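Asks: If you scroll down you'll find the structure; I have some questions about it.
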Amino acid sequence: MTDTDRGTQRDRDSAFYLFTQQNLPACKPVLTPEWVFMTFLFIGFIFIPVGLVTLRASHSVVEIVERYDIGCVPEPFRINKVSYIQDDSIPKNCSLSFKVPKYMKAPIYIYYQLDNYYQNHRRYVKSRSDKQLLHGQNQHGISSCQPVEVNNDRPIIPCGLIAWSLFNDTFTFIRNRAELKVNRKNIAWKSDREHKFGKNVYPFNFQNGTLIGGGKLNPRIPLSDQEDLIVWMRTSALPSFRKLYGRIEKDLDVDDVVVVHLMNNYNTYSFGGKKKLVLSTTSWLGGKNDFLGLAYVFIGSSSVTIAVVFTLLHLLSQRH
Amino acid sequence: MARIRKRSIQLSKLCSFACCRSSSRDDHAEIGQKGYSRVVYCNEPDSQEQIRLRYRGNYVSTTKYTAVNFIPKSLFEQFRRVANIYFLVVACVSFSPLAPYSAPSIILPLVVVIGATMAKEGVEDWRRNLQDIEANNRKVEVYDKSSCSFRQTKWKDLRVGELVKVCKDEYFPADILLLSSSYEDGVCYVETMNLDGETNLKLKHALNVTYFRSSAESLKEFRAVIKCEDPNEHLYSFIGTLYSDCQQYSLSPQQILLRDSKLKNTEYIFGVVIFTGHDTKVMQNATDPPSKRTKIERRMDRIIYVLFSALILVSFIGSLFFGIETNNDLSGGNYTRWYLRPDKTTVFFDPRRPAVAAFLHCLTGLMLYGYLIPISLYVSIEICKVLQSIFINQDQAMYDEEMDRPAHARTSNLNEELGQVHTILSDKTGTLTCNSMEFVKCSIAGTLYGRGMTEVEIALARKRGEQLTEQAPIDASESKKSIKGFNFRDERIMDGKWVSEPQRDVIQRFFRVLATCHTAVPEVMGPDEIMYEAESPDEAAFVIAAREVGFEFFVRNPTSIKLRELDPTSGIRVDRVYELLHVLEFSSARKRMSVIVKNPENQLLLLVKGADSVIFERLSKEGRAYEEQTKEHIEKYSEAGLRTMAVAYRELDDDEYKTWEQEFLKAKTSVSADRDVLMDELAGQIERDLILLGATAVEDKLQKGVPDCIDKLARAGIGIWVLTGDKRGTAVNIGYACSLIRHGMKQIVITLELLEILALEKEGDKEAIAEASLKSIKLQIRKAKSQVTEESSTEFGLIIDGKSLTYAMDKNLVDSFMDLAMRCATVICCRSSPKQKAVITRLVKSVTGRTTLAIGDGANDVGMLQEADIGVGISGVEGMQAVMASDFAIAQFRFLERLLLVHGHWCYRRISMMICYFFYKNITFGFTLFWFEAYTSFSGQPAYNDWYMSCYNVFFTSLPVIALGVFDQDVSARLCLKHPLLYQEGVRNILFNWPRILGWMFNGLLSSIIIYFLTTNSITGPAFRKDGQVADYSVLGVTMYTCVVWTVNCQMALSINYFTWIQHLFIWGSIAFWYIFLVVYGSIPPTVSTTAYKVFVEACAPSILYWLTTLLVVIAALLPLLSYRAFQIRFRPMEHDRIQIQRRRPESTEYDATQRRLSESSEARTSSELPSEVRIRIDSLKASSKRKN
């Protein structure tokens, strides 16, 4: 490179010169066999322990899942569950009981789980008005709430399909004949309560139409305090989802028998959805989820396998 | 510097004859008719008549856009691309309820992308605008009638009809009619390099009626009207009439000075402006060069179509399922998913008309999965290419200090094509050689003079293995300073010693011819220092040689030439004046030039120099005394790679001359179309019965580093064709000298210089000749082919001459000829014409279907440069014509090595990696949307917030890919040059072949599957935090998106090999920017940020599960590529992998051994055959030809 003699040494060392000559100091990693071996082994050694720890955390969680959508339909109505649920004259109360398999430390979270329920359907997701939820009636942006935006020419608060289809099964828990207190406060996101749902917005003209979807709301409580609604309006990601119902702030002992009195109001029968009640403790990681731990262990061990296979092949081919 | 007026000589009777005719005839009859309607009122630009004509001003604009039309025009240009149209349509439709996302979120990226491209266009146009401003504001002196003097004006203010004064070395501001000049006879010299690339000076003559007006005062009374042709693009024609004092005078191109040519050797001229601004011939000529597209771009278009099909397919599948699901909403008269209110629905979700809903959903799908088409691909590629060209322009290793010329990428869209060149077609003179001629030898009176050794001779001697005998005595005399253009060493001639040679008369005449028979113009730079401006470097070399021997040419008048000669008898230097009567100029058809002079002894002499073939057939019987020896010498010279010219003279007797002159002048003044033919004929009449004096030999030195460069290029597997006008012997020897033909290479010669053909030629039956020639060529090609097939291990060099080539290009033969040519490592076409060069280039391009690169320096290479995929111009001495037609300009041939092997390879690799990666990242992203879709009953709900999506291509993934496209280097420049074989990666296109592209796409698909399924299974369902909250739609979106951003950027980190701080900044910065974006966007009130509100701060960041999932997914998504790379590098390494590993482990056992073997063999091959490369080439060729069939 004799042509680079032009310019003084200082110029040539300057970062800009090196840049224009594409000669900047650079790190040039190469996947040599050693590096391959080390990298894969390293991944393995990180992932397997992490996986095991995660699995342990998952196993420490006690979870009780009770499906009740069929059990709560009285025997004679099971042929036509839809007409049962749509008939307001039939009482919908029902009870189920279960035994606690393991000691459950408070707080115990109560969820309801719906399956085959498309809360993520585009028509459904879009049918809400964030503006109205926060500011109330004097706002106009409710066209997005179609098809549940007005009733009798007056806007509905809260409008939209999501609010209209509010889940309305209720649960009461009884242990040893005494009612277990369920804390239903603070089950929604803090930011939702404070910034997404207005403190001065009250339900209005809600569920007054000919077709009534889900639950009703107390028109005297502002939206920011209607936590069931807030939880429901955080639409789920997948068609099978759990939503927080409340917390039991007392420990449950092994073999405690818990009786649940529930109002089976919500119609999942017409689209074949399941309803489940879930009681679960949490670990530092959250709920009971073996998948993550297993995936970690799987990825870790396959990377160790790759490392071993690679090294063997490498050595073998070197010998030849 | 005061200029003395030239002696008053009425030249008109000698030089210019077309001026003074009072009647207009022929073409001039059309004046005033259609196409010839221009009227110029000379010296009266303010007259009513002139103003009424409203001719354009002299303001010139070469910009593509104006301030007014920039927006519409550049937008139109943008939307000529299919992908952009698609995005435009999507943006328009996004206002309808069909759209799965909000309109601004799709419009913003489109605006950013289009805006960036338009900004680029704008900047480029602004640069052109600055050039225009510079040109428009140049100063010129304009005549002011009131004060009878000249005042300075800007070019742009010049008007038709104004009188201007242009001084020496200034450019003409417009097309001007020459009125008078500082020479009394009204001639001037111009250089037209900017117009046609010719560097020689051209003589222009003023009309008889105007040439005396050479002072400012005399112009005052000047009145005339010019009627002439309308503006047109013909540089060499002009038809017009000047009306002055009730007389008509015809105008010809002889009086027209064109804009952008330069006044030379003349103190000043006066002229009247005829055409201004865009009406000038040079502006009328300005056309855009043909735009070229690279193979990669063309394939990229095809990939876009593949992706479009994928897009349509995916949307179709989606809408099919959507239709089924929607149909199910109404089962047996009951609405199933009552929460969607199917009873009160719109057409988009109507279960009663599922087919319509499905169709409309298909449109929604086309918009939603639009992320499969990378919106920013084109603009990113363009940005990268511009930056790459800046690197090419900046490269110090391609900077020529002597000429102060850096390499220049004139178009930026061919960069990656530089990495795929399969065949180089090269001009010889000025490209492989310097085109600075040096007079080295001569043969006078049958005696050889000149003892220097040429490069070719040295190379030939080396080839024969001879020891180079050092020329000691020559070195002694070399202590004198070396003279450019003169490398003649002979003590018998130099320093006046020729006087004592036996043939001193002949020697004297010989050098007199060299000193007088030319069109050079002397320029006295100081005492004893004279520079010559000559038409060609050969001519300059002759004049310089004559000067050095003692025949110093120092004054040229239009009528005479003055020499300072050594008088052999007295030994003193005397001035002799030769009266110059006629110059019969050189043309490529005549292949000779001559002058008729009257020497001080009043002898009429015709002095000729020209190509040997032409001169020898015009010798008189007495003049053939030295014919045999001279022929022999010429043969020898051309073998030594020298350019030869024969020199002869003839004494004319007065009568003969007079009769001839009359006819000649008549011919010269005629305006008919066959004037040139007539003049050539007449010139031929007098140029006969010549007496041979001898022959000259000038050397055209090889450029520095040419053999090494060619050797490297050959080792890189690039086929090299040399197309030259030289004789076969010269061409072959130059071939040896620059290692085109190597030791151990077999030569195949296809020629028509065979006995039977020559015999036929003597008979003169043209049809018979053609038939026999065709037959003979056919036979030779067949023979050669069988030879090549038999000895497939040896290399071949094919040598063919221009005449044979015309036959080989015959329809029936061309295929087999090209087949043969492609199997040879080197092809030399000698004696080929410029047109043949272009035809060959086109043939090579079409037959191989591979990338061809043409390199040349002269106007005769323009066709070739434009025809080839890439045209490289040498910005040498032969003007700028080739450079103007080229795509890349370099100063020296040897820079081609770096341009191809380093920049070409890098650019090819960068662009192909970039495109692959682009598709990868968009497929990864697009398919996560699709998988999510499948879980929303294909309703068209995107998995992510609208603004996450629209920022994907623009903010989170664009910079790293640009860094890849601009900075990545697989191996350093030094190693690129050291391992030329690496270049084959580009020639064989293995970084951008379909398996690789599809591989990347598959990788994208795999990544999307891993990301989607691992994320959903890890994070949804049970609580994802200790406080019992579950992950909703927004949390899943953020988690998936985080994984996509990480994966895509880490894949980039895995696939590049070169990390400077820039790469680190861009890659890790993009990831960091995503988090910053999340925080910032999440803190905007929820009515704007919707699902993104506080999602990171409140929901994701406190969740350990979120972070663990990110780690898991990213590593899992990287594993496939990582393991593939690991195994591929170890067990099936590509060339760059090998080099990287070798660099890494210099003392390693196995790689090193194989590498050493490889490199040793390649080094040993410098002078011998190159089996492996050649085999690669042949194999790939066979494959390609098979594909063709």
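Starting from 1 in every chain, residues are counted up; chains themselves are A, B, ... following the order of the structure tokens, and ligands are numbered from 1 as listed.
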Mind the document's chain letters and residue numbers, and return as a count of residues only the residues of stretch 76-206 of chain A that DSSP labels alpha helix (DSSP H).
Replies: 23
Asks: May I have the residues within 6 Å of stretch 1026-1037 of chain B as a list in words, using only C-alpha atoms and disregarding those fewer than 2 positions away in the same chain?
Replies: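 Near stretch 1026-1037 of chain B, the qualifying residues are Thr235, Ser236, Ala237, Thr282, Ser283, Trp284, Leu285 and Gly286 of chain A; Ala943, Tyr944, Thr1020, Ala1023, Phe1024, Thr1039, Met1040, Tyr1041 and Thr1091 of chain B.
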Asks: For stretch 214-231 of chain A, find every residue with an atom within 8 Å (counting only C-alpha atoms), except residues of its own chain fewer than 5 positions away, and show them as a PDB file with N, CA, C and O atoms, in the first residue's frame.
Replies:
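Once everything was written out, this is result04.pdb:
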```
ATOM      1  N   LEU A 133     -63.966   5.790  28.570  1.00  0.00           N
ATOM      2  CA  LEU A 133     -63.681   5.174  29.868  1.00  0.00           C
ATOM      3  C   LEU A 133     -63.018   6.166  30.803  1.00  0.00           C
ATOM      4  O   LEU A 133     -63.209   6.148  31.995  1.00  0.00           O
ATOM      5  N   ALA A 163     -67.214  -4.505  27.358  1.00  0.00           N
ATOM      6  CA  ALA A 163     -67.932  -4.195  28.586  1.00  0.00           C
ATOM      7  C   ALA A 163     -69.284  -4.904  28.604  1.00  0.00           C
ATOM      8  O   ALA A 163     -69.713  -5.439  29.629  1.00  0.00           O
ATOM      9  N   TRP A 164     -69.913  -4.921  27.454  1.00  0.00           N
ATOM     10  CA  TRP A 164     -71.246  -5.506  27.342  1.00  0.00           C
ATOM     11  C   TRP A 164     -71.246  -6.999  27.708  1.00  0.00           C
ATOM     12  O   TRP A 164     -72.196  -7.520  28.261  1.00  0.00           O
ATOM     13  N   SER A 165     -70.122  -7.653  27.402  1.00  0.00           N
ATOM     14  CA  SER A 165     -70.055  -9.097  27.646  1.00  0.00           C
ATOM     15  C   SER A 165     -69.365  -9.413  28.973  1.00  0.00           C
ATOM     16  O   SER A 165     -68.742 -10.451  29.115  1.00  0.00           O
ATOM     17  N   LEU A 166     -69.457  -8.492  29.916  1.00  0.00           N
ATOM     18  CA  LEU A 166     -68.779  -8.657  31.213  1.00  0.00           C
ATOM     19  C   LEU A 166     -69.140  -9.978  31.894  1.00  0.00           C
ATOM     20  O   LEU A 166     -70.307 -10.369  31.959  1.00  0.00           O
ATOM     21  N   PHE A 167     -68.126 -10.637  32.365  1.00  0.00           N
ATOM     22  CA  PHE A 167     -68.293 -11.928  33.030  1.00  0.00           C
ATOM     23  C   PHE A 167     -69.037 -11.709  34.352  1.00  0.00           C
ATOM     24  O   PHE A 167     -68.690 -10.808  35.116  1.00  0.00           O
ATOM     25  N   ASN A 168     -70.048 -12.548  34.605  1.00  0.00           N
ATOM     26  CA  ASN A 168     -70.837 -12.263  35.798  1.00  0.00           C
ATOM     27  C   ASN A 168     -71.135 -13.481  36.663  1.00  0.00           C
ATOM     28  O   ASN A 168     -72.144 -13.526  37.343  1.00  0.00           O
ATOM     29  N   ARG A 184     -61.488  -8.585  47.109  1.00  0.00           N
ATOM     30  CA  ARG A 184     -61.652  -8.315  45.678  1.00  0.00           C
ATOM     31  C   ARG A 184     -61.158  -6.928  45.298  1.00  0.00           C
ATOM     32  O   ARG A 184     -61.508  -6.383  44.262  1.00  0.00           O
ATOM     33  N   LYS A 185     -60.334  -6.387  46.172  1.00  0.00           N
ATOM     34  CA  LYS A 185     -59.745  -5.076  45.852  1.00  0.00           C
ATOM     35  C   LYS A 185     -58.351  -5.300  45.252  1.00  0.00           C
ATOM     36  O   LYS A 185     -57.700  -6.309  45.506  1.00  0.00           O
ATOM     37  N   ASN A 186     -57.943  -4.341  44.504  1.00  0.00           N
ATOM     38  CA  ASN A 186     -56.591  -4.379  43.927  1.00  0.00           C
ATOM     39  C   ASN A 186     -56.331  -5.600  43.064  1.00  0.00           C
ATOM     40  O   ASN A 186     -55.236  -6.139  43.055  1.00  0.00           O
ATOM     41  N   ILE A 187     -57.342  -6.036  42.367  1.00  0.00           N
ATOM     42  CA  ILE A 187     -57.093  -7.140  41.449  1.00  0.00           C
ATOM     43  C   ILE A 187     -56.774  -6.635  40.038  1.00  0.00           C
ATOM     44  O   ILE A 187     -56.300  -7.372  39.197  1.00  0.00           O
ATOM     45  N   ALA A 188     -57.038  -5.363  39.803  1.00  0.00           N
ATOM     46  CA  ALA A 188     -56.735  -4.824  38.467  1.00  0.00           C
ATOM     47  C   ALA A 188     -55.396  -4.098  38.510  1.00  0.00           C
ATOM     48  O   ALA A 188     -54.838  -3.845  39.571  1.00  0.00           O
ATOM     49  N   TRP A 189     -54.887  -3.766  37.307  1.00  0.00           N
ATOM     50  CA  TRP A 189     -53.621  -3.039  37.229  1.00  0.00           C
ATOM     51  C   TRP A 189     -53.792  -1.665  37.850  1.00  0.00           C
ATOM     52  O   TRP A 189     -54.818  -1.024  37.693  1.00  0.00           O
ATOM     53  N   ASP A 192     -54.345   1.056  35.322  1.00  0.00           N
ATOM     54  CA  ASP A 192     -55.694   1.042  34.766  1.00  0.00           C
ATOM     55  C   ASP A 192     -56.649   1.794  35.684  1.00  0.00           C
ATOM     56  O   ASP A 192     -57.444   2.628  35.250  1.00  0.00           O
ATOM     57  N   ARG A 193     -56.548   1.474  36.965  1.00  0.00           N
ATOM     58  CA  ARG A 193     -57.464   2.086  37.924  1.00  0.00           C
ATOM     59  C   ARG A 193     -57.258   3.590  37.981  1.00  0.00           C
ATOM     60  O   ARG A 193     -58.201   4.361  38.084  1.00  0.00           O
ATOM     61  N   GLU A 194     -55.994   3.976  37.869  1.00  0.00           N
ATOM     62  CA  GLU A 194     -55.722   5.391  38.087  1.00  0.00           C
ATOM     63  C   GLU A 194     -55.791   6.244  36.824  1.00  0.00           C
ATOM     64  O   GLU A 194     -56.122   7.419  36.892  1.00  0.00           O
ATOM     65  N   LYS A 196     -56.688   4.853  33.366  1.00  0.00           N
ATOM     66  CA  LYS A 196     -57.432   4.422  32.181  1.00  0.00           C
ATOM     67  C   LYS A 196     -58.940   4.505  32.404  1.00  0.00           C
ATOM     68  O   LYS A 196     -59.695   4.671  31.458  1.00  0.00           O
ATOM     69  N   PHE A 197     -59.349   4.359  33.649  1.00  0.00           N
ATOM     70  CA  PHE A 197     -60.774   4.377  33.959  1.00  0.00           C
ATOM     71  C   PHE A 197     -61.049   5.576  34.857  1.00  0.00           C
ATOM     72  O   PHE A 197     -60.413   5.739  35.901  1.00  0.00           O
ATOM     73  N   GLY A 198     -61.985   6.417  34.421  1.00  0.00           N
ATOM     74  CA  GLY A 198     -62.197   7.687  35.091  1.00  0.00           C
ATOM     75  C   GLY A 198     -62.795   7.547  36.487  1.00  0.00           C
ATOM     76  O   GLY A 198     -63.619   6.676  36.751  1.00  0.00           O
ATOM     77  N   LYS A 199     -62.372   8.414  37.362  1.00  0.00           N
ATOM     78  CA  LYS A 199     -62.893   8.418  38.733  1.00  0.00           C
ATOM     79  C   LYS A 199     -64.269   9.033  38.779  1.00  0.00           C
ATOM     80  O   LYS A 199     -65.033   8.840  39.692  1.00  0.00           O
ATOM     81  N   ASN A 200     -64.576   9.852  37.759  1.00  0.00           N
ATOM     82  CA  ASN A 200     -65.868  10.531  37.760  1.00  0.00           C
ATOM     83  C   ASN A 200     -66.796   9.994  36.681  1.00  0.00           C
ATOM     84  O   ASN A 200     -67.747  10.638  36.300  1.00  0.00           O
ATOM     85  N   VAL A 201     -66.451   8.860  36.165  1.00  0.00           N
ATOM     86  CA  VAL A 201     -67.283   8.284  35.118  1.00  0.00           C
ATOM     87  C   VAL A 201     -68.125   7.175  35.734  1.00  0.00           C
ATOM     88  O   VAL A 201     -67.584   6.243  36.337  1.00  0.00           O
ATOM     89  N   TYR A 202     -69.431   7.307  35.594  1.00  0.00           N
ATOM     90  CA  TYR A 202     -70.320   6.316  36.196  1.00  0.00           C
ATOM     91  C   TYR A 202     -71.035   5.557  35.090  1.00  0.00           C
ATOM     92  O   TYR A 202     -71.322   6.126  34.031  1.00  0.00           O
ATOM     93  N   PRO A 203     -71.333   4.315  35.330  1.00  0.00           N
ATOM     94  CA  PRO A 203     -72.061   3.546  34.322  1.00  0.00           C
ATOM     95  C   PRO A 203     -73.397   4.208  34.039  1.00  0.00           C
ATOM     96  O   PRO A 203     -74.050   4.744  34.944  1.00  0.00           O
ATOM     97  N   PHE A 204     -73.772   4.174  32.768  1.00  0.00           N
ATOM     98  CA  PHE A 204     -74.989   4.854  32.359  1.00  0.00           C
ATOM     99  C   PHE A 204     -75.607   4.113  31.182  1.00  0.00           C
ATOM    100  O   PHE A 204     -74.891   3.760  30.235  1.00  0.00           O
ATOM    101  N   PHE A 206     -76.400   1.262  30.831  1.00  0.00           N
ATOM    102  CA  PHE A 206     -75.641   0.036  30.580  1.00  0.00           C
ATOM    103  C   PHE A 206     -76.551  -1.173  30.713  1.00  0.00           C
ATOM    104  O   PHE A 206     -77.348  -1.258  31.646  1.00  0.00           O
ATOM    105  N   GLN A 207     -76.459  -2.091  29.785  1.00  0.00           N
ATOM    106  CA  GLN A 207     -77.280  -3.312  29.726  1.00  0.00           C
ATOM    107  C   GLN A 207     -78.767  -2.961  29.768  1.00  0.00           C
ATOM    108  O   GLN A 207     -79.553  -3.626  30.422  1.00  0.00           O
ATOM    109  N   LYS A 243     -58.572 -15.078  34.523  1.00  0.00           N
ATOM    110  CA  LYS A 243     -58.621 -13.700  35.004  1.00  0.00           C
ATOM    111  C   LYS A 243     -58.765 -13.718  36.522  1.00  0.00           C
ATOM    112  O   LYS A 243     -59.409 -14.595  37.092  1.00  0.00           O
ATOM    113  N   LEU A 244     -58.163 -12.745  37.126  1.00  0.00           N
ATOM    114  CA  LEU A 244     -58.128 -12.692  38.580  1.00  0.00           C
ATOM    115  C   LEU A 244     -59.509 -12.313  39.116  1.00  0.00           C
ATOM    116  O   LEU A 244     -60.146 -11.370  38.646  1.00  0.00           O
ATOM    117  N   TYR A 245     -59.956 -13.091  40.101  1.00  0.00           N
ATOM    118  CA  TYR A 245     -61.263 -12.810  40.708  1.00  0.00           C
ATOM    119  C   TYR A 245     -61.101 -12.184  42.085  1.00  0.00           C
ATOM    120  O   TYR A 245     -61.815 -11.269  42.448  1.00  0.00           O
ATOM    121  N   TYR A 266     -73.052 -16.912  33.464  1.00  0.00           N
ATOM    122  CA  TYR A 266     -72.420 -16.532  32.194  1.00  0.00           C
ATOM    123  C   TYR A 266     -72.586 -17.620  31.162  1.00  0.00           C
ATOM    124  O   TYR A 266     -72.339 -18.804  31.428  1.00  0.00           O
TER     125      TYR A 266
END
```
Asks: What residues in chain B lie within 7 Å of chain A, counting only C-alpha atoms, written as an NGL selection string?
Replies: :B and (336-337 or 339-340 or 344-345 or 391 or 394-397 or 399 or 935-937 or 939-941 or 1017-1018 or 1021-1026 or 1028-1030 or 1032-1033 or 1036 or 1057-1060 or 1086-1087 or 1104-1105 or 1112 or 1116 or 1126 or 1130 or 1140-1141)
Asks: So the first atom is atom CA of B:Ser309 and the second is atom CA of B:Gly999; what is the distance between them in Å, to one decimal place?
Replies: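 Rounded to one decimal, the two atoms are 17.5 Å apart.
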Asks: Just how far from atom CA of B:Arg996 is atom CA of B:Asn1049, in Å to one decimal?
Replies: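 Between atom CA of B:Asn1049 and atom CA of B:Arg996 the gap works out to 19.4 Å.
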Asks: Would you give me, as a PyMOL selection string, the residues in stretch 57-219 of chain A that DSSP reads as strand (DSSP E or B)?
Replies: chain A and resi 63-67+93-99+104+108-115+150-151+154-155+157+170-175+178-180+182-183+204
Asks: Any idea what's packed within 9 Å of stretch 751-763 of chain B, counting only C-alpha atoms, ignoring anything in its chain fewer than 6 positions away? Could you give it as a PyMOL selection string?
Replies: chain B and resi 769+772-773+776-777+780+799-805
Asks: If you keep all heavy atoms, can you produce a file of those selected residues as a CSV table (one decimal), in the first residue's frame?
Replies:
```
chain,number,residue,atom,x,y,z
B,769,ILE,N,-13.7,-14.8,-51.9
B,769,ILE,CA,-12.9,-14.5,-50.6
B,769,ILE,C,-13.8,-14.8,-49.4
B,769,ILE,O,-13.4,-15.5,-48.5
B,769,ILE,CB,-12.3,-13.1,-50.6
B,769,ILE,CG1,-11.4,-12.9,-51.8
B,769,ILE,CG2,-11.7,-12.8,-49.3
B,769,ILE,CD1,-10.9,-11.4,-51.9
B,772,ALA,N,-14.5,-18.5,-48.9
B,772,ALA,CA,-13.3,-19.2,-48.5
B,772,ALA,C,-13.0,-18.9,-47.1
B,772,ALA,O,-12.6,-19.7,-46.3
B,772,ALA,CB,-12.1,-18.9,-49.4
B,773,SER,N,-13.1,-17.6,-46.8
B,773,SER,CA,-12.8,-17.2,-45.4
B,773,SER,C,-13.7,-17.8,-44.4
B,773,SER,O,-13.2,-18.4,-43.4
B,773,SER,CB,-12.9,-15.6,-45.3
B,773,SER,OG,-12.2,-15.0,-46.3
B,776,SER,N,-12.7,-21.4,-43.9
B,776,SER,CA,-11.5,-21.5,-43.3
B,776,SER,C,-11.6,-21.3,-41.8
B,776,SER,O,-11.1,-22.0,-40.9
B,776,SER,CB,-10.5,-20.6,-43.9
B,776,SER,OG,-9.5,-20.2,-42.9
B,777,ILE,N,-12.4,-20.2,-41.4
B,777,ILE,CA,-12.6,-19.9,-40.0
B,777,ILE,C,-13.4,-21.1,-39.3
B,777,ILE,O,-13.0,-21.5,-38.2
B,777,ILE,CB,-13.4,-18.6,-39.9
B,777,ILE,CG1,-12.7,-17.4,-40.5
B,777,ILE,CG2,-13.8,-18.3,-38.4
B,777,ILE,CD1,-11.5,-17.0,-39.7
B,780,GLN,N,-11.0,-23.8,-38.7
B,780,GLN,CA,-10.0,-23.5,-37.6
B,780,GLN,C,-10.7,-23.6,-36.2
B,780,GLN,O,-10.1,-24.1,-35.3
B,780,GLN,CB,-9.5,-22.1,-37.8
B,780,GLN,CG,-8.5,-22.0,-39.0
B,780,GLN,CD,-8.0,-20.6,-39.1
B,780,GLN,OE1,-7.5,-20.0,-38.2
B,780,GLN,NE2,-8.0,-20.0,-40.3
B,799,ILE,N,-6.1,-16.3,-30.0
B,799,ILE,CA,-5.8,-15.0,-30.6
B,799,ILE,C,-6.5,-15.0,-32.0
B,799,ILE,O,-6.4,-15.9,-32.8
B,799,ILE,CB,-4.2,-14.9,-30.8
B,799,ILE,CG1,-3.6,-14.8,-29.5
B,799,ILE,CG2,-3.9,-13.6,-31.6
B,799,ILE,CD1,-2.4,-15.8,-29.3
B,800,ILE,N,-7.2,-13.9,-32.2
B,800,ILE,CA,-8.0,-13.8,-33.4
B,800,ILE,C,-7.9,-12.4,-33.9
B,800,ILE,O,-7.8,-11.5,-33.1
B,800,ILE,CB,-9.5,-14.2,-33.1
B,800,ILE,CG1,-10.3,-14.2,-34.4
B,800,ILE,CG2,-10.1,-13.4,-32.1
B,800,ILE,CD1,-11.6,-15.0,-34.3
B,801,ASP,N,-7.9,-12.2,-35.2
B,801,ASP,CA,-7.8,-10.8,-35.7
B,801,ASP,C,-9.2,-10.3,-36.1
B,801,ASP,O,-10.2,-11.1,-36.3
B,801,ASP,CB,-6.8,-10.7,-36.8
B,801,ASP,CG,-7.1,-11.6,-38.0
B,801,ASP,OD1,-8.3,-11.7,-38.3
B,801,ASP,OD2,-6.1,-12.2,-38.5
B,802,GLY,N,-9.3,-9.1,-36.3
B,802,GLY,CA,-10.6,-8.4,-36.6
B,802,GLY,C,-11.3,-9.0,-37.8
B,802,GLY,O,-12.5,-9.2,-37.8
B,803,LYS,N,-10.5,-9.2,-38.8
B,803,LYS,CA,-11.1,-9.7,-40.1
B,803,LYS,C,-11.8,-11.1,-39.8
B,803,LYS,O,-12.9,-11.3,-40.2
B,803,LYS,CB,-10.1,-9.8,-41.1
B,803,LYS,CG,-10.6,-9.3,-42.5
B,803,LYS,CD,-9.8,-9.8,-43.6
B,803,LYS,CE,-8.7,-8.9,-44.2
B,803,LYS,NZ,-7.7,-9.5,-45.0
B,804,SER,N,-11.0,-11.9,-39.2
B,804,SER,CA,-11.5,-13.3,-38.9
B,804,SER,C,-12.7,-13.2,-38.0
B,804,SER,O,-13.7,-13.9,-38.1
B,804,SER,CB,-10.5,-14.1,-38.2
B,804,SER,OG,-9.2,-14.0,-38.8
B,805,LEU,N,-12.6,-12.2,-37.1
B,805,LEU,CA,-13.7,-12.0,-36.1
B,805,LEU,C,-15.1,-11.7,-36.8
B,805,LEU,O,-16.1,-12.3,-36.5
B,805,LEU,CB,-13.4,-10.9,-35.2
B,805,LEU,CG,-14.0,-10.9,-33.8
B,805,LEU,CD1,-13.7,-12.2,-33.1
B,805,LEU,CD2,-13.5,-9.7,-33.0
```
Asks: Kindly indicate which residue among B:Lys139, B:Met914, B:Pro354, B:Leu723 lies nearest to B:Met864, using only C-alpha atoms for the distances.
Replies: B:Leu723
